[in-house]
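Shown next: target29.csv, given as CSV, C-alpha atoms.
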```csv
chain,number,residue,atom,x,y,z
N,1,MET,CA,-76.7,1.3,168.5
N,2,LYS,CA,-80.3,0.2,167.8
N,3,THR,CA,-79.0,-3.1,166.5
N,4,LEU,CA,-77.0,-3.8,169.6
N,5,GLU,CA,-80.1,-3.0,171.7
N,6,ILE,CA,-82.2,-5.5,169.7
N,7,MET,CA,-79.6,-8.2,169.9
N,8,SER,CA,-79.3,-7.6,173.7
N,9,MET,CA,-83.0,-7.9,174.1
N,10,VAL,CA,-83.1,-11.1,172.0
N,11,GLY,CA,-80.2,-12.7,174.0
N,12,CYS,CA,-81.8,-11.7,177.3
N,13,ALA,CA,-85.2,-13.0,176.3
N,14,ILE,CA,-84.0,-16.3,175.0
N,15,PHE,CA,-81.8,-16.7,178.1
N,16,LEU,CA,-84.7,-15.9,180.5
N,17,LEU,CA,-87.1,-18.0,178.6
N,18,CYS,CA,-84.9,-21.1,178.5
N,19,LEU,CA,-86.7,-22.3,181.6
N,20,SER,CA,-87.5,-25.9,182.2
N,21,VAL,CA,-90.8,-27.5,183.1
N,22,ILE,CA,-92.6,-30.8,183.2
N,23,PHE,CA,-96.3,-31.5,182.3
N,24,SER,CA,-98.5,-31.6,185.4
N,25,ASN,CA,-100.4,-34.5,183.9
N,26,GLY,CA,-97.2,-36.5,183.5
N,27,ASP,CA,-97.2,-36.5,179.7
N,28,SER,CA,-93.8,-36.1,178.1
N,29,HIS,CA,-95.1,-34.6,174.9
N,30,ALA,CA,-98.3,-32.7,174.0
N,31,GLY,CA,-100.2,-32.9,170.7
N,32,GLU,CA,-100.5,-29.8,168.6
N,33,ASP,CA,-104.1,-29.2,169.7
N,34,GLN,CA,-103.2,-29.2,173.4
N,35,TYR,CA,-101.2,-26.0,173.6
N,36,PRO,CA,-101.0,-23.8,175.7
N,37,ILE,CA,-99.9,-26.1,178.6
N,38,LYS,CA,-99.2,-25.0,182.1
N,39,VAL,CA,-96.2,-26.8,183.5
N,40,GLU,CA,-94.6,-27.7,186.8
N,41,ILE,CA,-91.0,-28.1,188.1
N,42,ILE,CA,-89.4,-31.6,188.5
N,43,ASP,CA,-86.7,-33.2,190.7
N,44,LYS,CA,-83.3,-34.3,189.2
N,45,GLY,CA,-84.3,-37.9,189.6
N,46,GLN,CA,-87.2,-37.3,187.2
N,47,ALA,CA,-85.1,-35.7,184.5
N,48,ARG,CA,-85.4,-37.2,181.0
N,49,TYR,CA,-84.1,-36.1,177.7
N,50,ASP,CA,-86.3,-38.2,175.4
N,51,THR,CA,-88.3,-35.1,174.2
N,52,PRO,CA,-87.5,-31.4,173.9
N,53,GLU,CA,-90.2,-30.8,176.5
N,54,ASN,CA,-88.5,-33.0,179.0
N,55,ALA,CA,-85.1,-31.5,178.3
N,56,TYR,CA,-86.7,-28.1,178.9
N,57,ALA,CA,-88.0,-29.4,182.2
N,58,ALA,CA,-84.6,-30.4,183.3
N,59,MET,CA,-83.3,-26.9,182.5
N,60,ILE,CA,-85.6,-24.8,184.7
N,61,SER,CA,-85.6,-27.3,187.5
N,62,SER,CA,-81.8,-27.1,187.7
N,63,LEU,CA,-82.2,-23.3,188.1
N,64,ILE,CA,-84.9,-23.7,190.7
N,65,LYS,CA,-82.9,-26.3,192.6
N,66,ARG,CA,-79.7,-24.3,192.2
N,67,ASP,CA,-77.7,-27.1,190.6
N,68,ILE,CA,-75.2,-25.7,188.1
N,69,GLU,CA,-73.9,-29.1,187.0
N,70,TRP,CA,-77.4,-30.3,186.2
N,71,TYR,CA,-78.0,-27.0,184.4
N,72,TYR,CA,-75.2,-27.7,181.9
N,73,GLU,CA,-76.4,-31.3,181.4
N,74,ALA,CA,-79.5,-29.9,179.7
N,75,PHE,CA,-77.4,-28.3,176.9
N,76,THR,CA,-75.4,-29.7,174.0
N,77,LYS,CA,-71.7,-30.0,174.8
N,78,GLU,CA,-70.9,-27.1,172.4
N,79,SER,CA,-73.5,-24.8,173.9
N,80,ALA,CA,-72.5,-25.7,177.5
N,81,ALA,CA,-68.8,-25.0,176.7
N,82,GLN,CA,-69.6,-21.7,175.0
N,83,ASN,CA,-71.8,-20.6,178.0
N,84,LYS,CA,-69.1,-21.5,180.5
N,85,ARG,CA,-66.4,-19.7,178.4
N,86,GLU,CA,-68.5,-16.5,178.1
N,87,TYR,CA,-69.1,-16.3,181.9
N,88,GLN,CA,-65.5,-17.0,182.6
N,89,GLU,CA,-64.2,-14.3,180.2
N,90,ALA,CA,-66.7,-11.8,181.7
N,91,GLY,CA,-65.6,-12.7,185.3
N,92,ILE,CA,-69.2,-13.6,186.3
N,93,ASP,CA,-70.1,-16.5,188.6
N,94,PRO,CA,-72.3,-19.0,186.6
N,95,ARG,CA,-74.5,-19.4,189.7
N,96,LYS,CA,-75.8,-15.9,188.9
N,97,LYS,CA,-78.1,-17.7,186.5
N,98,PHE,CA,-80.2,-18.8,189.6
N,99,ASP,CA,-81.3,-15.1,189.9
N,100,THR,CA,-83.2,-15.3,186.6
N,101,VAL,CA,-85.9,-17.4,188.2
N,102,LYS,CA,-86.6,-15.2,191.2
N,103,GLY,CA,-90.2,-14.1,191.1
N,104,LEU,CA,-91.2,-16.8,188.6
N,105,LYS,CA,-94.8,-17.8,189.0
N,106,ASP,CA,-95.9,-19.9,186.0
N,107,VAL,CA,-94.5,-21.2,182.8
N,108,PHE,CA,-96.4,-22.2,179.7
N,109,ILE,CA,-95.4,-24.0,176.5
N,110,ILE,CA,-97.7,-22.3,173.9
N,111,ASP,CA,-96.4,-23.9,170.7
N,112,ARG,CA,-93.9,-26.3,169.1
N,113,MET,CA,-92.4,-26.4,165.6
N,114,GLU,CA,-89.8,-28.2,163.6
N,115,TYR,CA,-86.8,-25.9,162.8
N,116,LYS,CA,-83.8,-26.7,160.7
N,117,SER,CA,-82.1,-29.7,162.3
N,118,GLY,CA,-84.0,-29.4,165.5
N,119,VAL,CA,-87.2,-28.3,167.3
N,120,VAL,CA,-88.2,-24.9,168.7
N,121,LEU,CA,-90.6,-24.6,171.7
N,122,ILE,CA,-92.3,-21.2,172.1
N,123,VAL,CA,-92.4,-20.5,175.8
N,124,GLN,CA,-94.2,-18.0,177.9
N,125,THR,CA,-93.1,-17.1,181.5
N,126,HIS,CA,-95.3,-15.3,184.0
N,127,GLU,CA,-93.7,-13.4,186.9
N,128,GLN,CA,-95.2,-12.7,190.3
N,129,ASP,CA,-95.6,-9.0,189.5
N,130,GLY,CA,-97.6,-9.9,186.3
N,131,THR,CA,-94.7,-9.5,183.8
N,132,ILE,CA,-95.1,-11.8,180.8
N,133,MET,CA,-92.2,-12.8,178.6
N,134,GLN,CA,-92.3,-14.9,175.5
N,135,GLY,CA,-89.6,-16.4,173.3
N,136,PRO,CA,-88.2,-19.4,171.4
N,137,SER,CA,-86.0,-22.2,172.9
N,138,ALA,CA,-84.2,-24.4,170.5
N,139,PHE,CA,-83.3,-28.1,170.9
N,140,MET,CA,-81.4,-30.7,168.9
N,141,LYS,CA,-80.4,-34.3,169.4
N,142,GLU,CA,-77.0,-35.3,170.7
N,143,GLY,CA,-76.1,-38.9,171.4
N,144,GLY,CA,-79.8,-39.9,171.1
N,145,LYS,CA,-80.9,-37.2,173.6
N,146,TRP,CA,-82.6,-33.9,173.2
N,147,LYS,CA,-80.5,-31.0,174.4
N,148,MET,CA,-80.9,-27.3,174.4
N,149,THR,CA,-78.7,-25.3,171.9
N,150,ASN,CA,-77.7,-21.7,171.4
N,151,LYS,CA,-77.0,-22.5,167.7
N,152,TYR,CA,-80.0,-20.5,166.5
N,153,ALA,CA,-80.0,-17.7,169.0
N,154,ALA,CA,-79.1,-15.1,166.4
N,155,ASP,CA,-81.6,-16.2,163.7
N,156,VAL,CA,-83.7,-13.2,162.8
N,157,GLU,CA,-86.6,-15.4,161.7
N,158,LEU,CA,-87.1,-16.4,165.3
N,159,HIS,CA,-87.4,-12.8,166.6
N,160,GLU,CA,-91.1,-12.7,165.7
N,161,TYR,CA,-91.8,-15.0,168.6
N,162,LEU,CA,-90.3,-12.6,171.1
N,163,ASP,CA,-92.8,-10.6,173.2
N,164,TYR,CA,-92.7,-8.7,176.5
N,165,LYS,CA,-95.5,-7.3,178.6
N,166,PRO,CA,-94.7,-5.3,181.8
N,167,GLY,CA,-96.3,-6.1,185.1
N,168,VAL,CA,-99.9,-5.5,185.9
N,169,MET,CA,-100.7,-1.8,186.2
N,170,ILE,CA,-104.5,-2.0,186.6
N,171,SER,CA,-106.3,-3.9,189.3
N,172,SER,CA,-109.9,-5.1,189.1
N,173,THR,CA,-112.7,-6.5,191.3
N,174,LEU,CA,-113.8,-10.0,190.1
N,175,LYS,CA,-116.9,-12.1,190.8
N,176,LEU,CA,-117.4,-15.6,189.6
N,177,ARG,CA,-120.6,-17.7,189.6
N,178,PRO,CA,-120.9,-20.4,190.7
N,179,THR,CA,-118.1,-20.4,193.2
N,180,GLN,CA,-118.3,-24.1,193.9
N,181,TRP,CA,-117.0,-26.4,191.2
N,182,ASN,CA,-117.7,-30.1,191.6
N,183,LEU,CA,-114.8,-32.6,191.1
N,184,ASN,CA,-117.1,-35.6,190.5
N,185,TRP,CA,-118.9,-33.7,187.7
N,186,TYR,CA,-115.6,-32.9,186.1
N,187,ASN,CA,-114.2,-36.4,186.4
N,188,TRP,CA,-117.3,-38.1,185.0
N,189,ILE,CA,-117.3,-35.9,181.9
N,190,LYS,CA,-113.6,-36.4,181.4
N,191,GLN,CA,-114.1,-40.1,181.6
N,192,HIS,CA,-117.0,-40.3,179.2
N,193,GLN,CA,-116.7,-37.4,176.8
N,194,GLU,CA,-114.9,-39.4,174.1
N,195,GLU,CA,-117.4,-42.2,174.3
N,196,THR,CA,-120.7,-40.3,173.7
N,197,GLU,CA,-121.1,-37.3,171.5
N,198,TRP,CA,-123.8,-35.6,173.6
N,199,ILE,CA,-121.6,-35.7,176.7
N,200,ALA,CA,-118.8,-33.9,174.8
N,201,HIS,CA,-121.4,-31.4,173.5
N,202,PHE,CA,-122.7,-30.8,177.1
N,203,ALA,CA,-119.1,-30.2,178.3
N,204,GLU,CA,-118.7,-27.6,175.6
N,205,LYS,CA,-121.9,-25.7,176.6
N,206,VAL,CA,-122.0,-25.5,180.4
N,207,SER,CA,-120.4,-22.2,181.5
N,208,ILE,CA,-119.6,-20.0,184.5
N,209,LEU,CA,-120.1,-16.3,184.8
N,210,CYS,CA,-117.4,-13.6,185.4
N,211,LEU,CA,-118.0,-10.0,186.3
N,212,ILE,CA,-115.1,-7.5,185.8
N,213,GLY,CA,-115.2,-4.0,187.2
N,214,ASN,CA,-113.7,-1.3,189.4
N,215,LEU,CA,-110.5,-1.0,187.3
N,216,LYS,CA,-108.0,1.1,189.1
N,217,ASP,CA,-104.4,2.2,188.3
N,218,ASN,CA,-101.6,2.5,190.8
N,219,GLN,CA,-102.8,5.9,191.9
N,220,GLY,CA,-106.4,4.7,192.5
N,221,ASN,CA,-107.9,6.3,189.4
N,222,LEU,CA,-110.9,4.5,187.9
N,223,GLN,CA,-110.6,3.1,184.4
N,224,SER,CA,-113.7,2.1,182.3
N,225,VAL,CA,-114.2,-1.5,181.5
N,226,GLU,CA,-115.3,-0.3,178.0
N,227,GLU,CA,-111.6,0.3,177.4
N,228,ILE,CA,-110.9,-3.5,177.8
N,229,THR,CA,-110.0,-5.4,174.6
N,230,PRO,CA,-112.2,-8.5,175.1
N,231,GLU,CA,-110.1,-10.7,172.8
N,232,THR,CA,-107.2,-10.4,175.3
N,233,ILE,CA,-109.1,-11.7,178.3
N,234,LEU,CA,-107.8,-15.0,179.8
N,235,LEU,CA,-108.7,-17.1,182.9
N,236,ASN,CA,-105.6,-18.4,184.7
N,237,ASP,CA,-103.6,-17.2,181.7
N,238,ILE,CA,-105.0,-20.0,179.5
N,239,LEU,CA,-108.7,-20.0,178.8
N,240,ALA,CA,-110.4,-17.4,176.6
N,241,PRO,CA,-114.1,-16.5,177.2
N,242,GLN,CA,-117.0,-18.4,175.7
N,243,PRO,CA,-118.8,-16.1,173.3
N,244,TRP,CA,-122.4,-14.9,173.8
N,245,VAL,CA,-124.7,-15.4,170.8
N,246,PHE,CA,-127.9,-13.3,170.3
N,247,ASN,CA,-129.8,-13.2,167.0
N,248,ARG,CA,-126.9,-14.9,165.3
N,249,GLU,CA,-124.6,-12.1,166.5
N,250,GLU,CA,-121.5,-13.1,168.5
N,251,LYS,CA,-120.0,-11.0,171.3
N,252,ILE,CA,-117.2,-12.0,173.6
N,253,ALA,CA,-118.3,-9.6,176.4
N,254,LEU,CA,-121.4,-7.7,177.5
N,255,ILE,CA,-121.3,-4.3,179.3
N,256,LEU,CA,-123.8,-3.9,182.1
N,257,LYS,CA,-125.0,-0.6,183.5
N,258,SER,CA,-124.4,1.0,180.1
N,259,LYS,CA,-126.9,2.3,177.5
N,260,LYS,CA,-124.6,1.2,174.7
N,261,ASP,CA,-125.2,-2.5,175.2
N,262,ARG,CA,-128.7,-3.8,174.5
N,263,TYR,CA,-128.0,-7.5,175.0
N,264,PRO,CA,-128.4,-7.9,178.8
N,265,LYS,CA,-132.1,-7.0,178.4
N,266,LYS,CA,-132.5,-10.0,176.1
N,267,ILE,CA,-130.9,-12.5,178.4
N,268,LYS,CA,-133.5,-14.8,179.8
N,269,GLY,CA,-133.5,-14.6,183.6
N,270,PHE,CA,-130.8,-11.9,183.9
N,271,LYS,CA,-133.0,-9.3,185.5
N,272,GLU,CA,-134.2,-11.8,188.2
N,273,TRP,CA,-130.7,-13.0,188.9
N,274,HIS,CA,-129.4,-9.4,189.1
N,275,HIS,CA,-132.0,-8.2,191.6
N,276,ARG,CA,-131.9,-11.4,193.7
N,277,LYS,CA,-128.1,-11.6,194.0
N,278,LYS,CA,-127.4,-7.8,193.9
N,279,SER,CA,-124.4,-8.8,191.9
N,280,LEU,CA,-123.5,-5.2,190.8
N,281,LYS,CA,-123.8,-3.5,194.2
N,282,ASP,CA,-120.0,-3.5,194.8
N,283,TYR,CA,-119.2,-1.9,191.5
N,284,LYS,CA,-118.8,1.7,190.4
N,285,GLY,CA,-119.7,2.5,186.8
N,286,PRO,CA,-120.2,-0.1,184.0
N,287,VAL,CA,-119.3,-3.7,184.5
N,288,MET,CA,-118.1,-6.3,182.0
N,289,LEU,CA,-119.8,-9.6,181.9
N,290,VAL,CA,-118.1,-12.6,180.3
N,291,LYS,CA,-118.5,-16.4,180.6
N,292,PHE,CA,-116.0,-19.2,180.5
N,293,ASN,CA,-116.5,-22.9,179.7
N,294,LYS,CA,-116.8,-24.6,183.1
N,295,PHE,CA,-115.1,-27.9,182.2
N,296,LYS,CA,-112.1,-26.2,180.6
N,297,ALA,CA,-111.9,-23.7,183.5
N,298,MET,CA,-111.5,-26.6,185.9
N,299,GLU,CA,-108.7,-28.0,183.7
N,300,THR,CA,-106.7,-24.9,184.4
N,301,ILE,CA,-106.5,-25.8,188.1
N,302,PRO,CA,-103.8,-28.5,188.8
N,303,ALA,CA,-104.3,-31.3,191.3
N,304,MET,CA,-107.9,-30.3,192.4
N,305,ILE,CA,-108.6,-31.3,196.0
N,306,PRO,CA,-112.1,-31.4,197.4
N,307,ARG,CA,-113.0,-28.9,200.1
N,308,LYS,CA,-110.0,-26.8,199.2
N,309,GLU,CA,-110.2,-23.1,198.0
N,310,TYR,CA,-108.3,-22.0,194.9
N,311,GLU,CA,-107.6,-18.6,193.5
N,312,VAL,CA,-108.8,-18.0,189.9
N,313,ILE,CA,-107.2,-15.1,188.0
N,314,VAL,CA,-108.7,-13.2,185.1
N,315,SER,CA,-106.4,-10.9,183.2
N,316,GLY,CA,-106.3,-9.0,179.9
N,317,GLU,CA,-105.3,-5.7,178.2
N,318,LEU,CA,-106.8,-2.3,177.8
N,319,LYS,CA,-106.9,-0.5,174.4
N,320,ASP,CA,-103.8,1.5,175.4
N,321,GLY,CA,-101.8,-1.7,176.0
N,322,LYS,CA,-102.0,-1.5,179.8
N,323,ARG,CA,-102.8,-4.8,181.5
N,324,PHE,CA,-105.3,-5.6,184.2
N,325,LYS,CA,-105.8,-8.5,186.6
N,326,GLY,CA,-108.3,-9.6,189.1
N,327,SER,CA,-108.8,-12.7,191.3
N,328,ALA,CA,-111.6,-14.5,193.1
N,329,LYS,CA,-111.8,-17.6,195.2
N,330,ILE,CA,-113.6,-20.8,194.2
N,331,GLU,CA,-114.1,-24.1,196.2
N,332,ILE,CA,-113.7,-27.6,194.8
N,333,THR,CA,-116.5,-29.8,196.0
N,334,GLU,CA,-117.6,-33.4,195.7
N,335,TRP,CA,-120.7,-35.5,196.4
N,336,LYS,CA,-120.8,-36.5,200.0
N,337,GLY,CA,-122.5,-39.9,199.4
N,338,LYS,CA,-122.6,-42.3,196.6
N,339,HIS,CA,-124.1,-40.5,193.6
N,340,LYS,CA,-126.7,-42.4,191.4
N,341,TRP,CA,-126.8,-41.5,187.8
N,342,LYS,CA,-130.6,-41.4,187.5
N,343,TRP,CA,-132.0,-39.6,184.6
N,344,GLU,CA,-135.1,-38.5,186.4
N,345,HIS,CA,-133.1,-36.2,188.6
N,346,PRO,CA,-132.1,-32.9,186.9
N,347,ASP,CA,-128.8,-32.7,188.7
N,348,TRP,CA,-127.6,-36.3,187.8
N,349,LEU,CA,-124.8,-34.9,185.6
N,350,ASN,CA,-124.6,-31.4,186.9
N,351,ALA,CA,-124.0,-31.3,190.6
N,352,ASP,CA,-123.9,-27.5,190.8
N,353,LYS,CA,-127.3,-27.3,189.0
N,354,ASP,CA,-125.8,-25.0,186.4
N,355,ILE,CA,-128.2,-26.4,183.8
N,356,ASP,CA,-131.0,-24.5,185.7
N,357,ASN,CA,-129.2,-21.2,185.6
N,358,TRP,CA,-130.1,-18.6,183.0
N,359,TRP,CA,-126.7,-18.2,181.5
N,360,ASN,CA,-126.8,-21.8,180.3
N,361,LYS,CA,-130.3,-21.4,178.8
N,362,GLU,CA,-129.7,-20.0,175.4
N,363,LYS,CA,-132.4,-21.2,173.1
N,364,ASP,CA,-130.3,-23.6,171.1
N,365,PHE,CA,-129.0,-25.2,174.2
N,366,GLU,CA,-132.5,-25.7,175.7
N,367,ARG,CA,-133.8,-27.3,172.5
N,368,TRP,CA,-130.8,-29.5,172.3
N,369,TRP,CA,-131.0,-30.6,176.0
N,370,GLU,CA,-134.7,-31.4,175.6
N,371,LYS,CA,-134.0,-33.5,172.5
N,372,ILE,CA,-131.3,-35.5,174.2
N,373,ARG,CA,-133.5,-36.1,177.3
N,374,LYS,CA,-136.4,-37.4,175.2
N,375,LYS,CA,-134.0,-39.6,173.1
N,376,HIS,CA,-132.5,-41.1,176.3
N,377,LYS,CA,-135.9,-41.8,177.7
N,378,ARG,CA,-137.0,-43.5,174.5
N,379,GLU,CA,-133.9,-45.7,174.3
N,380,THR,CA,-133.7,-46.7,178.0
N,381,GLY,CA,-137.2,-46.4,179.2
N,382,ALA,CA,-136.1,-44.0,181.9
N,383,LYS,CA,-138.8,-41.8,183.4
N,384,GLY,CA,-138.7,-38.2,182.5
N,385,TYR,CA,-138.4,-35.5,185.1
N,386,LYS,CA,-140.3,-32.2,185.5
N,387,ARG,CA,-138.3,-29.1,185.0
```
Please lay out the structure from this file as structure tokens.
Amino acid sequence: MKTLEIMSMVGCAIFLLCLSVIFSNGDSHAGEDQYPIKVEIIDKGQARYDTPENAYAAMISSLIKRDIEWYYEAFTKESAAQNKREYQEAGIDPRKKFDTVKGLKDVFIIDRMEYKSGVVLIVQTHEQDGTIMQGPSAFMKEGGKWKMTNKYAADVELHEYLDYKPGVMISSTLKLRPTQWNLNWYNWIKQHQEETEWIAHFAEKVSILCLIGNLKDNQGNLQSVEEITPETILLNDILAPQPWVFNREEKIALILKSKKDRYPKKIKGFKEWHHRKKSLKDYKGPVMLVKFNKFKAMETIPAMIPRKEYEVIVSGELKDGKRFKGSAKIEITEWKGKHKWKWEHPDWLNADKDIDNWWNKEKDFERWWEKIRKKHKRETGAKGYKR
């Protein structure tokens, strides 16, 4: 009986996770270092089968567009025939497949690997209610095209990639700082980060703050942020926090309003920021403080449009396995006039002036920034600026 239950779960997970997506940046295939990738739905006219990723895109899109003929085109002939036969013998209308994408919110390809005579993509789906499912989808070439296959559905070695997390049970109050993210700043770094080493280093350092608190279950009972497992925290289901480093000791998260955590007292400027902004006034009990890389955080937002608000979601797990989620609004901004890249102005590269904020002023970063500034002045003759 247990074996039947496991096989049923495997079959269900593989079926539900055989969803199709296309990369939002238009790429047909991602390098190994680019996963996980958030993906979007395509139209039938965009369907291609030159890569497993694009064959996968055709599959989910056919379900979303409710096109059963297109759906079967994404499979090998053998798998399509087998699927049709099973539905016919069970007396089930194949169009019932369309119900599997109800409530679908986001899809991510988190890994890719060669497997036997084909390729397996590890896919993660996120439902509107917070449910997360993960599983393998297999592909093989047929007539020079990549098609989905059920050939390896029963392979036990693929079961390790199956995972299921129920919908969010814990809500949280979230605050982000800054709440305005500049598109020109992002585009300039993206354009030049591979040309100059210091620009890439700058992009790795600049961060945004995130406060997490007021954890409540479905009955309104408060949960402590000290029960959060910091390693599970993600921004927009993709980006992990940027660690804090104090006295060569690394921590993913800091706990505020708690005697257990001594680090906030050592953060330069934290006390002034806390009193001026009254950032903790809306929270009951301890609050968790994490930071995310700003450049990478902006990469999790598809098709950024200036003067438009976007919802940013931060989620994770508690020690007992329950999941929490919170959201906050940010605005994408841009420079109103022509921006001049003048070194004498502190905000020439950093439109939101994050460089002047305390959470970007760890000692190693300050020394590095001063060294870069002096080197640039020496090489270009640019005038220095007063900080």
>> Between N:Tyr283, N:Trp185, N:Phe292, N:Tyr263, which residue has the minimum interatomic distance to Gln242 of chain N, considering only C-alpha atoms?
In response: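 Checking each of N:Tyr283, N:Trp185, N:Phe292, N:Tyr263 against Gln242 of chain N, counting only C-alpha atoms, the winner is N:Phe292.
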> Neighbours of Ala240 of chain N within 10 Å (all atoms listed in the file; same-chain residues fewer than 6 positions away dropped), as a PyMOL selection string?
Replying inline: chain N and resi 230-234+252+290-293+296-297+314+316
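Computed from the coordinates, the atom CA of Lys251 of chain N to atom CA of Leu215 of chain N distance equals 21.1 Å.
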> Hey, can you pull every residue with an atom no more than 12 Å from (-84.0, -32.9, 190.7), using all atoms listed in the file, and send it as a list in words?
Replying inline: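 Residues lying no farther than 12 Å from the given point: Ser20, Val21, Ile22, Ile41, Ile42, Asp43, Lys44, Gly45, Gln46, Ala47, Arg48, Ala57, Ala58, Met59, Ile60, Ser61, Ser62, Leu63, Ile64, Lys65, Arg66, Asp67, Ile68, Glu69, Trp70 and Tyr71 of chain N.
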> Any idea what the distance is between atom CA of Gln88 of chain N and atom CA of Phe139 of chain N?
Replying inline: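 Answer for the atom CA of Gln88 of chain N to atom CA of Phe139 of chain N separation: 24.0 Å.
Between Met113 of chain N and the candidates N:Tyr161, N:Tyr186, N:Tyr49, N:Tyr310, the tightest atom-to-atom separation, counting only C-alpha atoms, involves N:Tyr161.
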For segment 292-310 of chain N, supply N, CA and C atoms and format the output as a PDB file, in the frame of the given file.
```pdb
ATOM      1  N   PHE N 292    -117.049 -18.261 180.890  1.00  0.00           N
ATOM      2  CA  PHE N 292    -116.000 -19.200 180.500  1.00  0.00           C
ATOM      3  C   PHE N 292    -116.591 -20.626 180.557  1.00  0.00           C
ATOM      4  N   ASN N 293    -116.080 -21.478 179.699  1.00  0.00           N
ATOM      5  CA  ASN N 293    -116.500 -22.900 179.700  1.00  0.00           C
ATOM      6  C   ASN N 293    -116.082 -23.485 181.056  1.00  0.00           C
ATOM      7  N   LYS N 294    -117.060 -24.089 181.738  1.00  0.00           N
ATOM      8  CA  LYS N 294    -116.800 -24.600 183.100  1.00  0.00           C
ATOM      9  C   LYS N 294    -115.822 -25.763 183.100  1.00  0.00           C
ATOM     10  N   PHE N 295    -115.992 -26.719 182.196  1.00  0.00           N
ATOM     11  CA  PHE N 295    -115.100 -27.900 182.200  1.00  0.00           C
ATOM     12  C   PHE N 295    -113.680 -27.481 181.901  1.00  0.00           C
ATOM     13  N   LYS N 296    -113.482 -26.597 180.919  1.00  0.00           N
ATOM     14  CA  LYS N 296    -112.100 -26.200 180.600  1.00  0.00           C
ATOM     15  C   LYS N 296    -111.546 -25.274 181.678  1.00  0.00           C
ATOM     16  N   ALA N 297    -112.403 -24.525 182.382  1.00  0.00           N
ATOM     17  CA  ALA N 297    -111.900 -23.700 183.500  1.00  0.00           C
ATOM     18  C   ALA N 297    -111.347 -24.590 184.586  1.00  0.00           C
ATOM     19  N   MET N 298    -112.009 -25.716 184.846  1.00  0.00           N
ATOM     20  CA  MET N 298    -111.500 -26.600 185.900  1.00  0.00           C
ATOM     21  C   MET N 298    -110.201 -27.274 185.452  1.00  0.00           C
ATOM     22  N   GLU N 299    -109.990 -27.421 184.159  1.00  0.00           N
ATOM     23  CA  GLU N 299    -108.700 -28.000 183.700  1.00  0.00           C
ATOM     24  C   GLU N 299    -107.548 -27.092 183.916  1.00  0.00           C
ATOM     25  N   THR N 300    -107.786 -25.805 184.161  1.00  0.00           N
ATOM     26  CA  THR N 300    -106.700 -24.900 184.400  1.00  0.00           C
ATOM     27  C   THR N 300    -106.192 -24.955 185.863  1.00  0.00           C
ATOM     28  N   ILE N 301    -106.895 -25.719 186.714  1.00  0.00           N
ATOM     29  CA  ILE N 301    -106.500 -25.800 188.100  1.00  0.00           C
ATOM     30  C   ILE N 301    -105.818 -27.195 188.331  1.00  0.00           C
ATOM     31  N   PRO N 302    -104.520 -27.209 188.610  1.00  0.00           N
ATOM     32  CA  PRO N 302    -103.800 -28.500 188.800  1.00  0.00           C
ATOM     33  C   PRO N 302    -104.128 -29.134 190.115  1.00  0.00           C
ATOM     34  N   ALA N 303    -104.158 -30.467 190.102  1.00  0.00           N
ATOM     35  CA  ALA N 303    -104.300 -31.300 191.300  1.00  0.00           C
ATOM     36  C   ALA N 303    -105.470 -30.778 192.198  1.00  0.00           C
ATOM     37  N   MET N 304    -106.687 -30.772 191.644  1.00  0.00           N
ATOM     38  CA  MET N 304    -107.900 -30.300 192.400  1.00  0.00           C
ATOM     39  C   MET N 304    -108.113 -31.226 193.608  1.00  0.00           C
ATOM     40  N   ILE N 305    -108.295 -30.607 194.758  1.00  0.00           N
ATOM     41  CA  ILE N 305    -108.600 -31.300 196.000  1.00  0.00           C
ATOM     42  C   ILE N 305    -109.890 -30.883 196.577  1.00  0.00           C
ATOM     43  N   PRO N 306    -110.823 -31.805 196.845  1.00  0.00           N
ATOM     44  CA  PRO N 306    -112.100 -31.400 197.400  1.00  0.00           C
ATOM     45  C   PRO N 306    -112.016 -30.672 198.714  1.00  0.00           C
ATOM     46  N   ARG N 307    -112.933 -29.735 198.899  1.00  0.00           N
ATOM     47  CA  ARG N 307    -113.000 -28.900 200.100  1.00  0.00           C
ATOM     48  C   ARG N 307    -111.844 -27.958 200.258  1.00  0.00           C
ATOM     49  N   LYS N 308    -111.156 -27.695 199.166  1.00  0.00           N
ATOM     50  CA  LYS N 308    -110.000 -26.800 199.200  1.00  0.00           C
ATOM     51  C   LYS N 308    -110.357 -25.558 198.307  1.00  0.00           C
ATOM     52  N   GLU N 309    -109.950 -24.357 198.754  1.00  0.00           N
ATOM     53  CA  GLU N 309    -110.200 -23.100 198.000  1.00  0.00           C
ATOM     54  C   GLU N 309    -109.008 -22.893 197.019  1.00  0.00           C
ATOM     55  N   TYR N 310    -109.326 -22.343 195.852  1.00  0.00           N
ATOM     56  CA  TYR N 310    -108.300 -22.000 194.900  1.00  0.00           C
ATOM     57  C   TYR N 310    -108.547 -20.586 194.369  1.00  0.00           C
TER      58      TYR N 310
END
```
